[in-house]
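Written below as C-alpha coordinates is the structure these notes are about.
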Amino acid sequence: MTMKKNVRTILFLVFCSVTLPFYAQVGEQRYNFAIGINGGVNLTKVSFMPTVNQNNLMGMNAGITARYISEKFFKMICGVQLEVNFSQKGWDEYYENYPDVHYTRKMNYVEIPFLAHLAFGKDKGMQFFINLGPQIGFLINDSSEQSGDMEGMIDSNPYVEVEQHEKAIDNKFDYGIAGGGGLELRTKIGNFLVEGRYYFGLSDFYNSTKKDYFSRSAHGTITAKITYLFDISK
(Lines give C-alpha, C1' and ligand atoms only; values in the text may rest on other atoms or scores of the structure.)
Protein backbone atom coordinates (compact mmCIF):
# COMPACT_ATOMS: atom_id res chain seq x y z
CA MET A 1 0.00 0.00 0.00
CA THR A 2 1.46 3.38 -1.03
CA MET A 3 1.73 6.40 1.23
CA LYS A 4 -0.98 8.19 -0.74
CA LYS A 5 -3.40 5.28 -0.28
CA ASN A 6 -2.60 5.16 3.44
CA VAL A 7 -3.41 8.86 3.84
CA ARG A 8 -6.66 8.47 1.89
CA THR A 9 -7.64 5.55 4.11
CA ILE A 10 -7.02 7.57 7.28
CA LEU A 11 -9.00 10.56 5.99
CA PHE A 12 -11.89 8.32 4.97
CA LEU A 13 -12.01 6.65 8.39
CA VAL A 14 -11.85 10.01 10.18
CA PHE A 15 -14.82 11.15 8.09
CA CYS A 16 -16.74 7.94 8.87
CA SER A 17 -15.94 8.12 12.57
CA VAL A 18 -17.27 11.67 12.83
CA THR A 19 -20.30 11.38 10.56
CA LEU A 20 -21.61 7.85 11.17
CA PRO A 21 -23.48 8.65 14.39
CA PHE A 22 -25.35 11.55 12.73
CA TYR A 23 -26.72 9.81 9.64
CA ALA A 24 -29.61 7.81 11.09
CA GLN A 25 -31.87 10.72 11.87
CA VAL A 26 -34.89 8.44 12.22
CA GLY A 27 -33.37 7.28 15.51
CA GLU A 28 -34.00 8.53 19.02
CA GLN A 29 -31.78 11.56 19.69
CA ARG A 30 -29.23 11.61 22.51
CA TYR A 31 -27.09 14.44 23.85
CA ASN A 32 -24.86 12.46 26.17
CA PHE A 33 -21.38 13.92 26.63
CA ALA A 34 -19.03 12.17 29.05
CA ILE A 35 -15.39 12.55 30.01
CA GLY A 36 -13.05 10.45 32.15
CA ILE A 37 -9.80 8.57 32.48
CA ASN A 38 -8.48 5.28 31.15
CA GLY A 39 -5.60 2.98 31.97
CA GLY A 40 -4.25 -0.40 30.96
CA VAL A 41 -1.39 -2.36 29.43
CA ASN A 42 0.03 -2.81 25.93
CA LEU A 43 1.49 -5.98 24.45
CA THR A 44 3.51 -4.83 21.46
CA LYS A 45 5.56 -6.17 18.59
CA VAL A 46 6.93 -4.57 15.44
CA SER A 47 6.29 -5.89 11.96
CA PHE A 48 9.79 -5.87 10.44
CA MET A 49 10.78 -6.80 6.91
CA PRO A 50 13.35 -8.46 6.98
CA THR A 51 11.91 -10.37 9.93
CA VAL A 52 13.17 -9.90 13.49
CA ASN A 53 12.31 -12.59 16.08
CA GLN A 54 10.46 -11.03 19.02
CA ASN A 55 8.55 -11.63 22.22
CA ASN A 56 5.67 -9.37 23.23
CA LEU A 57 6.89 -6.25 25.03
CA MET A 58 4.67 -5.04 27.88
CA GLY A 59 4.09 -1.33 28.47
CA MET A 60 1.54 1.04 29.94
CA ASN A 61 -1.31 2.85 28.22
CA ALA A 62 -3.16 5.64 30.06
CA GLY A 63 -4.88 8.91 29.33
CA ILE A 64 -8.13 10.83 29.10
CA THR A 65 -11.31 9.98 27.19
CA ALA A 66 -14.16 12.10 25.85
CA ARG A 67 -17.30 10.56 24.34
CA TYR A 68 -20.44 11.95 22.74
CA ILE A 69 -23.53 9.77 22.18
CA SER A 70 -25.72 11.32 19.48
CA GLU A 71 -28.64 8.92 19.10
CA LYS A 72 -30.10 5.46 19.47
CA PHE A 73 -30.96 3.88 16.11
CA PHE A 74 -33.26 0.93 16.74
CA LYS A 75 -31.17 -1.08 19.27
CA MET A 76 -27.79 0.45 18.35
CA ILE A 77 -26.42 3.39 20.34
CA CYS A 78 -24.23 5.59 18.11
CA GLY A 79 -21.52 8.01 19.13
CA VAL A 80 -17.92 9.16 18.73
CA GLN A 81 -14.98 8.86 21.11
CA LEU A 82 -11.71 10.77 21.34
CA GLU A 83 -8.75 9.85 23.53
CA VAL A 84 -5.35 11.36 24.31
CA ASN A 85 -3.08 8.65 25.71
CA PHE A 86 0.49 8.06 26.79
CA SER A 87 1.48 4.72 25.24
CA GLN A 88 4.62 2.63 25.60
CA LYS A 89 5.52 0.55 22.54
CA GLY A 90 8.55 -1.11 21.00
CA TRP A 91 9.92 -4.63 20.67
CA ASP A 92 11.78 -7.30 22.63
CA GLU A 93 14.08 -9.56 20.63
CA TYR A 94 14.93 -13.15 21.40
CA TYR A 95 17.61 -15.38 19.92
CA GLU A 96 17.15 -19.13 19.60
CA ASN A 97 19.67 -21.10 21.68
CA TYR A 98 20.80 -17.89 23.44
CA PRO A 99 18.28 -17.35 26.28
CA ASP A 100 20.60 -14.98 28.19
CA VAL A 101 21.00 -12.55 25.28
CA HIS A 102 18.35 -9.83 24.98
CA TYR A 103 17.77 -6.58 23.11
CA THR A 104 14.80 -4.34 23.95
CA ARG A 105 13.76 -1.04 22.33
CA LYS A 106 11.15 1.04 24.16
CA MET A 107 9.28 3.83 22.37
CA ASN A 108 7.01 6.30 24.17
CA TYR A 109 4.17 7.94 22.23
CA VAL A 110 1.36 10.40 22.71
CA GLU A 111 -1.51 8.76 20.83
CA ILE A 112 -4.86 10.16 19.70
CA PRO A 113 -7.51 7.65 18.57
CA PHE A 114 -10.61 8.98 16.73
CA LEU A 115 -13.21 6.26 17.19
CA ALA A 116 -16.75 5.51 16.14
CA HIS A 117 -18.56 4.11 19.20
CA LEU A 118 -21.38 1.62 18.62
CA ALA A 119 -23.13 0.02 21.60
CA PHE A 120 -25.97 -2.42 22.23
CA GLY A 121 -27.90 -2.70 25.49
CA LYS A 122 -29.88 -0.72 28.03
CA ASP A 123 -29.39 2.94 28.85
CA LYS A 124 -28.84 1.88 32.44
CA GLY A 125 -27.11 -1.39 33.11
CA MET A 126 -24.83 -3.48 30.89
CA GLN A 127 -23.89 -2.69 27.28
CA PHE A 128 -21.68 -4.34 24.69
CA PHE A 129 -19.75 -1.88 22.53
CA ILE A 130 -17.44 -1.71 19.52
CA ASN A 131 -14.88 1.07 18.93
CA LEU A 132 -13.27 1.51 15.51
CA GLY A 133 -11.37 4.27 13.75
CA PRO A 134 -8.04 5.87 12.84
CA GLN A 135 -5.28 6.67 15.30
CA ILE A 136 -2.29 8.99 15.13
CA GLY A 137 0.73 9.13 17.41
CA PHE A 138 3.78 11.27 18.10
CA LEU A 139 7.03 9.75 19.37
CA ILE A 140 8.27 11.48 22.54
CA ASN A 141 11.45 9.48 23.14
CA ASP A 142 12.96 6.01 22.85
CA SER A 143 15.57 3.97 24.68
CA SER A 144 17.26 0.58 24.35
CA GLU A 145 18.52 -2.10 26.72
CA GLN A 146 20.90 -4.95 25.99
CA SER A 147 22.09 -7.89 28.08
CA GLY A 148 24.22 -11.01 27.64
CA ASP A 149 27.04 -11.71 25.22
CA MET A 150 25.58 -9.99 22.15
CA GLU A 151 28.88 -9.93 20.25
CA GLY A 152 29.44 -13.65 20.83
CA MET A 153 25.92 -14.43 19.67
CA ILE A 154 26.40 -12.37 16.49
CA ASP A 155 29.76 -14.04 15.78
CA SER A 156 28.05 -17.44 16.00
CA ASN A 157 25.03 -16.26 13.93
CA PRO A 158 26.31 -13.89 11.23
CA TYR A 159 22.91 -13.74 9.50
CA VAL A 160 20.91 -12.55 12.51
CA GLU A 161 19.22 -9.15 12.00
CA VAL A 162 20.91 -6.45 14.11
CA GLU A 163 20.67 -3.45 11.76
CA GLN A 164 17.87 -2.06 13.98
CA HIS A 165 19.98 -2.01 17.16
CA GLU A 166 21.86 1.24 16.62
CA LYS A 167 19.52 2.77 14.08
CA ALA A 168 17.86 6.07 15.02
CA ILE A 169 14.12 6.49 14.51
CA ASP A 170 13.51 8.21 11.18
CA ASN A 171 9.78 8.98 11.41
CA LYS A 172 8.28 10.20 14.67
CA PHE A 173 4.72 10.50 13.33
CA ASP A 174 2.73 7.27 13.52
CA TYR A 175 -0.70 6.41 12.12
CA GLY A 176 -2.88 3.37 11.69
CA ILE A 177 -6.22 1.72 12.50
CA ALA A 178 -7.49 0.90 16.00
CA GLY A 179 -10.45 -1.32 16.82
CA GLY A 180 -11.86 -3.44 19.59
CA GLY A 181 -14.78 -4.14 21.84
CA GLY A 182 -15.83 -4.60 25.42
CA LEU A 183 -18.46 -4.22 28.09
CA GLU A 184 -19.78 -1.07 29.77
CA LEU A 185 -21.64 -0.89 33.07
CA ARG A 186 -23.71 2.29 33.33
CA THR A 187 -24.51 3.33 36.90
CA LYS A 188 -25.63 6.40 38.85
CA ILE A 189 -22.04 7.13 39.88
CA GLY A 190 -20.58 6.82 36.39
CA ASN A 191 -19.82 4.43 33.56
CA PHE A 192 -17.23 1.65 33.88
CA LEU A 193 -15.77 0.12 30.70
CA VAL A 194 -13.53 -2.90 30.13
CA GLU A 195 -12.08 -3.11 26.60
CA GLY A 196 -9.72 -5.10 24.44
CA ARG A 197 -8.28 -3.29 21.42
CA TYR A 198 -5.83 -3.93 18.57
CA TYR A 199 -3.80 -1.30 16.73
CA PHE A 200 -2.47 -2.01 13.23
CA GLY A 201 0.23 0.45 12.18
CA LEU A 202 0.17 1.71 8.61
CA SER A 203 3.30 3.87 8.91
CA ASP A 204 6.96 2.84 9.21
CA PHE A 205 9.23 4.44 11.82
CA TYR A 206 12.30 3.59 9.71
CA ASN A 207 12.54 4.92 6.17
CA SER A 208 11.36 2.28 3.71
CA THR A 209 12.44 3.34 0.23
CA LYS A 210 14.19 0.88 -2.09
CA LYS A 211 17.59 2.05 -0.88
CA ASP A 212 16.76 1.55 2.81
CA TYR A 213 17.44 -1.64 4.75
CA PHE A 214 13.92 -2.22 6.12
CA SER A 215 10.92 -2.24 3.79
CA ARG A 216 8.53 -2.35 6.78
CA SER A 217 8.80 -1.33 10.44
CA ALA A 218 5.30 -0.79 11.83
CA HIS A 219 3.72 -1.26 15.25
CA GLY A 220 1.19 -3.91 16.17
CA THR A 221 -0.33 -3.46 19.63
CA ILE A 222 -2.81 -5.38 21.76
CA THR A 223 -4.27 -3.21 24.54
CA ALA A 224 -6.38 -4.17 27.53
CA LYS A 225 -7.81 -1.19 29.39
CA ILE A 226 -10.35 0.01 31.94
CA THR A 227 -12.12 3.37 31.51
CA TYR A 228 -14.20 5.43 33.91
CA LEU A 229 -16.55 8.05 32.43
CA PHE A 230 -18.90 10.47 34.14
CA ASP A 231 -21.71 12.28 32.34
CA ILE A 232 -21.49 16.02 31.73
CA SER A 233 -24.81 16.12 29.87
CA LYS A 234 -27.47 13.47 29.13
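Residue numbering restarts at 1 in every chain; chains get A, B, ... in the order shown in the C-alpha coordinates, and ligands count up from 1 in that same order.
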
List the neighbours of stretch 57-61 of chain A out to 9 Å using only C-alpha atoms; skip same-chain residues closer than 4 positions along the sequence, and give me the result as a short mmCIF file (atom, residue, chain, number, x, y, z; two decimals) with N, CA, C and O atoms, in the first residue's frame.
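Saved the output as out-v8.cif:
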data_model
loop_
_atom_site.label_atom_id
_atom_site.label_comp_id
_atom_site.auth_asym_id
_atom_site.auth_seq_id
_atom_site.Cartn_x
_atom_site.Cartn_y
_atom_site.Cartn_z
N ASN A 38 -8.65 6.69 31.52
CA ASN A 38 -8.48 5.28 31.15
C ASN A 38 -7.06 4.83 31.49
O ASN A 38 -6.14 5.65 31.57
N GLY A 39 -6.91 3.53 31.68
CA GLY A 39 -5.60 2.98 31.97
C GLY A 39 -5.55 1.50 31.67
O GLY A 39 -6.56 0.80 31.77
N GLY A 40 -4.38 1.02 31.28
CA GLY A 40 -4.25 -0.40 30.96
C GLY A 40 -2.84 -0.74 30.54
O GLY A 40 -1.88 -0.02 30.83
N VAL A 41 -2.71 -1.86 29.85
CA VAL A 41 -1.39 -2.36 29.43
C VAL A 41 -1.39 -2.64 27.93
O VAL A 41 -2.41 -3.00 27.34
N ASN A 42 -0.22 -2.45 27.32
CA ASN A 42 0.03 -2.81 25.93
C ASN A 42 0.87 -4.07 25.85
O ASN A 42 1.78 -4.27 26.67
N LEU A 43 0.59 -4.91 24.87
CA LEU A 43 1.49 -5.98 24.45
C LEU A 43 1.86 -5.66 23.01
O LEU A 43 1.00 -5.68 22.13
N THR A 44 3.12 -5.36 22.75
CA THR A 44 3.51 -4.83 21.46
C THR A 44 4.60 -5.66 20.78
O THR A 44 5.45 -6.27 21.43
N LYS A 45 4.51 -5.66 19.47
CA LYS A 45 5.56 -6.17 18.59
C LYS A 45 5.67 -5.21 17.42
O LYS A 45 4.80 -4.36 17.21
N ASN A 85 -3.71 9.65 24.85
CA ASN A 85 -3.08 8.65 25.71
C ASN A 85 -1.55 8.72 25.65
O ASN A 85 -0.97 9.06 24.62
N PHE A 86 -0.94 8.36 26.77
CA PHE A 86 0.49 8.06 26.79
C PHE A 86 0.63 6.56 26.60
O PHE A 86 0.01 5.77 27.33
N SER A 87 1.42 6.14 25.62
CA SER A 87 1.48 4.72 25.24
C SER A 87 2.92 4.29 25.06
O SER A 87 3.69 4.92 24.32
N GLN A 88 3.28 3.19 25.72
CA GLN A 88 4.62 2.63 25.60
C GLN A 88 4.60 1.47 24.61
O GLN A 88 3.85 0.51 24.77
N LYS A 89 5.43 1.57 23.58
CA LYS A 89 5.52 0.55 22.54
C LYS A 89 6.97 0.11 22.37
O LYS A 89 7.85 0.48 23.14
N GLY A 90 7.21 -0.66 21.29
CA GLY A 90 8.55 -1.11 21.00
C GLY A 90 8.61 -2.59 20.69
O GLY A 90 7.62 -3.19 20.28
N TRP A 91 9.78 -3.19 20.93
CA TRP A 91 9.92 -4.63 20.67
C TRP A 91 10.99 -5.23 21.57
O TRP A 91 11.87 -4.54 22.08
N ASP A 92 10.87 -6.54 21.77
CA ASP A 92 11.78 -7.30 22.63
C ASP A 92 12.27 -8.50 21.84
O ASP A 92 11.51 -9.42 21.55
N THR A 104 16.12 -4.93 23.82
CA THR A 104 14.80 -4.34 23.95
C THR A 104 14.85 -2.87 23.54
O THR A 104 15.75 -2.13 23.97
N LYS A 106 12.40 0.47 23.64
CA LYS A 106 11.15 1.04 24.16
C LYS A 106 10.91 2.39 23.52
O LYS A 106 11.82 3.23 23.44
N THR A 223 -4.07 -4.01 23.34
CA THR A 223 -4.27 -3.21 24.54
C THR A 223 -5.46 -3.72 25.33
O THR A 223 -6.53 -3.97 24.76
N ALA A 224 -5.28 -3.88 26.61
CA ALA A 224 -6.38 -4.17 27.53
C ALA A 224 -6.49 -2.99 28.48
O ALA A 224 -5.49 -2.61 29.12
N LYS A 225 -7.70 -2.39 28.58
CA LYS A 225 -7.81 -1.19 29.39
C LYS A 225 -9.15 -1.11 30.10
O LYS A 225 -10.14 -1.72 29.71
#

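Those residues that approach A:Lys167 to within 12 Å, counting only C-alpha atoms, are A:Arg105, A:Asp142, A:Ser143, A:Ser144, A:Val162, A:Glu163, A:Gln164, A:Asp170, A:Asn171, A:Phe205, A:Tyr206, A:Asn207, A:Asp212, A:Tyr213, A:Phe214; same-chain residues fewer than 3 positions away are not listed.
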
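A straight line drawn from atom CA of A:Arg197 to atom CA of A:Ile130 is 9.5 Å long.
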
Legend entry - Test item: residues at most 8 Å from A:Glu93, only C-alpha atoms, excluding those fewer than 6 positions along its chain, as a ChimeraX atom specification: /A:52-55,102-104

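Residues lying within 8 Å of A:Phe138, counting only C-alpha atoms and ignoring same-chain neighbours fewer than 4 positions away, are A:Tyr109, A:Val110, A:Glu111, A:Lys172, A:Phe173, A:Asp174.
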
Inset, instruction - Write out as an MDAnalysis selection string all residues of stretch 3-228 of chain A that backbone DSSP assigns to helix (DSSP H, G or I). - result: chainID A and resid 3:22 150:156
